[in-house]
Every structure is written in structure tokens, then in C-alpha cells.
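Asks: Dropping the structure in here first, questions after.
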Amino acid sequence: MADALNTIPTVSIDNEGVFKYVLIKVHKTEEGATDSEKFIVRGFKWGPYHADIYEATQEKIEKLGFETECVGGGRIEHNPSEKKLKVYGYSQGYGRADHEVTTELLKKEYPDYNVSWTNDGY
């Protein structure tokens, strides 16, 4: 079970720019076992709404037999030339994601980047 969960990339975001993102909890409850879960970050410029990004991700992950829950959203500013990621803002539909959790996941994926967050901004 945990092996299947680990096949889902923890972070998938656009290579540069400012875009909306969602923080998603992926989990599966098996009979007689405890829940297995992980958080994933998805952020793309193509999504005019946070729900667009969540629903596209949800569809893919549920086909793998997992359940998903969007726990919030915000924005990411990705500047690859300066190796900076800034997490901020909120989603009107899902509320503010825990940017600290998002930032920790991004730091693991981008270890040579300066990754920061703030609750300011939309």
C-alpha cells in the first residue's frame, strides 16, 4: 500500500511564473489496517481556478484507487533563474493551505532553492 502511494509524485508544479496551487491529502483506508496518507502539491498556470487543478488531479489519483481531499490552496511564484519559490495567498473555494506544509514539500523537491512563504496576499 505504501509503495503504491509513493508512486504518486509529491510535487508537480509549473517550471516558472506565478500560478495557483492546491495542497491535497491523498489517502486510502484498507480493512483491518490503518490509514496510509501523504500530502501532495499541484500548481499550474493553466488552471484559472483552484478547483480546476484539484479536479484534474483528483480524477487521476482516484483511478489509482486512492481518495483525495483538497485541504486548501494559494499561489506559488516560481523564479528558476534566481532559484526562488514563494508560497502565499489563499483559495476562495478551499481556503488557505498550510503554507508551512507546502514549503517543506517544495524544499525536498527543490533542495537548492530558497523557498519561503507568507500568509499575505491573494
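Numbering starts fresh at 1 for the residues of each chain in the C-alpha cells, the chains themselves are lettered A, B, ... in the order given, and ligands are numbered from 1 as they appear.
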What parts of range 10-99 of chain A does DSSP call helix (DSSP H, G or I)? I'd like the answer as a PyMOL selection string.
Replies: chain A and resi 50-62+99
Asks: Contacts between range 12-22 of chain A and range 58-81 of chain A, please, where a residue of range 58-81 of chain A counts if it comes within 7 Å (with only C-alpha atoms); show its shortest atom pair and distance in Å to one decimal, rows by chain and ascending number, as a Markdown table.
Replies:
| residue | atom | partner | partner_atom | distance |
| --- | --- | --- | --- | --- |
| A:Cys70 | CA | A:Val22 | CA | 6.8 |
| A:Gly72 | CA | A:Val22 | CA | 5.8 |
| A:Gly73 | CA | A:Val22 | CA | 4.1 |
| A:Gly74 | CA | A:Tyr21 | CA | 5.5 |
| A:Arg75 | CA | A:Lys20 | CA | 4.3 |
| A:Ile76 | CA | A:Phe19 | CA | 5.6 |
| A:Glu77 | CA | A:Val18 | CA | 4.3 |
| A:His78 | CA | A:Glu16 | CA | 4.8 |
| A:Asn79 | CA | A:Glu16 | CA | 5.7 |
| A:Pro80 | CA | A:Glu16 | CA | 6.2 |
Asks: Within chain A, find each residue whose DSSP state, derived from the backbone, is strand (DSSP E or B), and express the selection as number ranges by chain.
Replies: A: 11-13, 17-28, 36-44, 67-79, 84-88, 91, 95-96, 114-117
Asks: Go ahead and write the residues just picked, N, CA and C atoms, as a short mmCIF file (atom, residue, chain, number, x, y, z; two decimals), in the first residue's frame.
Replies:
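Output file result-v7.cif is given in full below:
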data_model
loop_
_atom_site.label_atom_id
_atom_site.label_comp_id
_atom_site.auth_asym_id
_atom_site.auth_seq_id
_atom_site.Cartn_x
_atom_site.Cartn_y
_atom_site.Cartn_z
N VAL A 11 5.33 16.52 -5.53
CA VAL A 11 5.24 17.89 -6.06
C VAL A 11 5.18 17.85 -7.58
N SER A 12 4.23 18.58 -8.12
CA SER A 12 4.15 18.79 -9.57
C SER A 12 3.67 20.22 -9.79
N ILE A 13 4.60 21.08 -10.21
CA ILE A 13 4.28 22.49 -10.44
C ILE A 13 4.91 22.94 -11.76
N GLY A 17 7.01 31.16 -13.27
CA GLY A 17 5.85 32.04 -13.27
C GLY A 17 5.09 32.03 -11.96
N VAL A 18 3.95 32.71 -11.98
CA VAL A 18 3.06 32.78 -10.82
C VAL A 18 1.80 32.01 -11.18
N PHE A 19 1.38 31.12 -10.29
CA PHE A 19 0.23 30.27 -10.58
C PHE A 19 -0.46 29.83 -9.30
N LYS A 20 -1.69 29.39 -9.45
CA LYS A 20 -2.46 28.87 -8.32
C LYS A 20 -1.98 27.46 -8.02
N TYR A 21 -2.11 27.10 -6.72
CA TYR A 21 -1.75 25.73 -6.33
C TYR A 21 -2.74 25.23 -5.30
N VAL A 22 -2.80 23.90 -5.17
CA VAL A 22 -3.61 23.26 -4.13
C VAL A 22 -2.75 22.26 -3.37
N LEU A 23 -3.05 22.14 -2.09
CA LEU A 23 -2.44 21.14 -1.23
C LEU A 23 -3.48 20.04 -1.04
N ILE A 24 -3.11 18.82 -1.40
CA ILE A 24 -4.07 17.71 -1.43
C ILE A 24 -3.59 16.59 -0.51
N LYS A 25 -4.52 16.09 0.28
CA LYS A 25 -4.24 14.90 1.11
C LYS A 25 -4.71 13.69 0.32
N VAL A 26 -3.80 12.75 0.10
CA VAL A 26 -4.10 11.51 -0.61
C VAL A 26 -4.08 10.39 0.42
N HIS A 27 -5.14 9.58 0.43
CA HIS A 27 -5.20 8.52 1.44
C HIS A 27 -6.04 7.35 0.95
N LYS A 28 -5.90 6.27 1.69
CA LYS A 28 -6.69 5.07 1.41
C LYS A 28 -6.82 4.31 2.71
N SER A 36 -3.18 5.02 5.29
CA SER A 36 -1.91 5.45 4.70
C SER A 36 -2.23 6.75 3.98
N GLU A 37 -1.39 7.76 4.20
CA GLU A 37 -1.67 9.05 3.58
C GLU A 37 -0.40 9.82 3.32
N LYS A 38 -0.52 10.81 2.44
CA LYS A 38 0.55 11.76 2.18
C LYS A 38 -0.06 13.03 1.61
N PHE A 39 0.68 14.12 1.71
CA PHE A 39 0.27 15.37 1.12
C PHE A 39 1.01 15.58 -0.18
N ILE A 40 0.30 16.15 -1.16
CA ILE A 40 0.92 16.47 -2.45
C ILE A 40 0.59 17.92 -2.82
N VAL A 41 1.46 18.51 -3.62
CA VAL A 41 1.29 19.88 -4.09
C VAL A 41 1.14 19.85 -5.61
N ARG A 42 0.12 20.55 -6.10
CA ARG A 42 -0.10 20.68 -7.54
C ARG A 42 -0.35 22.15 -7.85
N GLY A 43 0.43 22.70 -8.80
CA GLY A 43 0.26 24.10 -9.17
C GLY A 43 0.59 24.34 -10.63
N PHE A 44 -0.35 24.98 -11.34
CA PHE A 44 -0.19 25.17 -12.78
C PHE A 44 -0.82 26.47 -13.25
N GLU A 67 -8.21 7.96 -2.33
CA GLU A 67 -9.14 9.06 -2.10
C GLU A 67 -8.33 10.33 -1.94
N THR A 68 -8.96 11.47 -2.26
CA THR A 68 -8.27 12.74 -2.15
C THR A 68 -9.13 13.74 -1.38
N GLU A 69 -8.46 14.71 -0.78
CA GLU A 69 -9.14 15.80 -0.11
C GLU A 69 -8.30 17.06 -0.29
N CYS A 70 -8.90 18.08 -0.87
CA CYS A 70 -8.19 19.35 -1.02
C CYS A 70 -8.25 20.07 0.33
N VAL A 71 -7.09 20.34 0.91
CA VAL A 71 -7.05 20.96 2.24
C VAL A 71 -6.74 22.45 2.16
N GLY A 72 -6.70 23.01 0.95
CA GLY A 72 -6.50 24.44 0.80
C GLY A 72 -5.69 24.76 -0.44
N GLY A 73 -5.54 26.06 -0.66
CA GLY A 73 -4.80 26.49 -1.83
C GLY A 73 -4.13 27.83 -1.61
N GLY A 74 -3.53 28.33 -2.66
CA GLY A 74 -2.85 29.61 -2.62
C GLY A 74 -2.17 29.83 -3.96
N ARG A 75 -1.06 30.55 -3.91
CA ARG A 75 -0.29 30.82 -5.12
C ARG A 75 1.17 30.49 -4.88
N ILE A 76 1.85 30.18 -5.97
CA ILE A 76 3.29 29.96 -5.93
C ILE A 76 3.92 30.87 -6.98
N GLU A 77 4.98 31.54 -6.59
CA GLU A 77 5.79 32.32 -7.52
C GLU A 77 7.09 31.55 -7.70
N HIS A 78 7.32 31.06 -8.92
CA HIS A 78 8.48 30.22 -9.22
C HIS A 78 9.44 31.00 -10.11
N ASN A 79 10.61 31.29 -9.59
CA ASN A 79 11.63 32.02 -10.33
C ASN A 79 12.88 31.13 -10.44
N LYS A 84 14.22 30.59 -6.66
CA LYS A 84 13.34 31.01 -5.57
C LYS A 84 11.92 30.50 -5.81
N LEU A 85 11.30 30.07 -4.72
CA LEU A 85 9.89 29.72 -4.71
C LEU A 85 9.25 30.48 -3.55
N LYS A 86 8.16 31.20 -3.83
CA LYS A 86 7.44 31.91 -2.79
C LYS A 86 6.01 31.39 -2.77
N VAL A 87 5.53 30.99 -1.61
CA VAL A 87 4.19 30.45 -1.42
C VAL A 87 3.38 31.48 -0.64
N TYR A 88 2.19 31.81 -1.13
CA TYR A 88 1.38 32.84 -0.45
C TYR A 88 -0.08 32.73 -0.86
N SER A 91 -7.14 30.24 -1.40
CA SER A 91 -8.16 29.86 -2.38
C SER A 91 -9.52 30.30 -1.84
N GLY A 95 -10.07 27.67 0.82
CA GLY A 95 -9.41 28.30 1.97
C GLY A 95 -7.90 28.30 1.80
N ARG A 96 -7.23 28.80 2.82
CA ARG A 96 -5.77 28.89 2.78
C ARG A 96 -5.16 27.54 3.12
N ASN A 114 15.77 28.74 -2.63
CA ASN A 114 15.31 29.50 -1.47
C ASN A 114 13.79 29.43 -1.51
N VAL A 115 13.18 28.73 -0.56
CA VAL A 115 11.74 28.54 -0.53
C VAL A 115 11.18 29.28 0.69
N SER A 116 10.23 30.19 0.45
CA SER A 116 9.66 30.97 1.54
C SER A 116 8.14 31.00 1.43
N TRP A 117 7.49 31.43 2.50
CA TRP A 117 6.03 31.55 2.48
C TRP A 117 5.57 32.72 3.33
#
Asks: From the options A:Tyr122, A:Lys83, A:Ile53, A:Tyr90, which residue's atoms come nearest to Lys107 in chain A, counting only C-alpha atoms?
Replies: A:Lys83
Asks: To one decimal in Å, tell me the separation between CA of Trp46 in chain A and CA of Ala4 in chain A.
Replies: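 Interatomic distance here is 27.7 Å.
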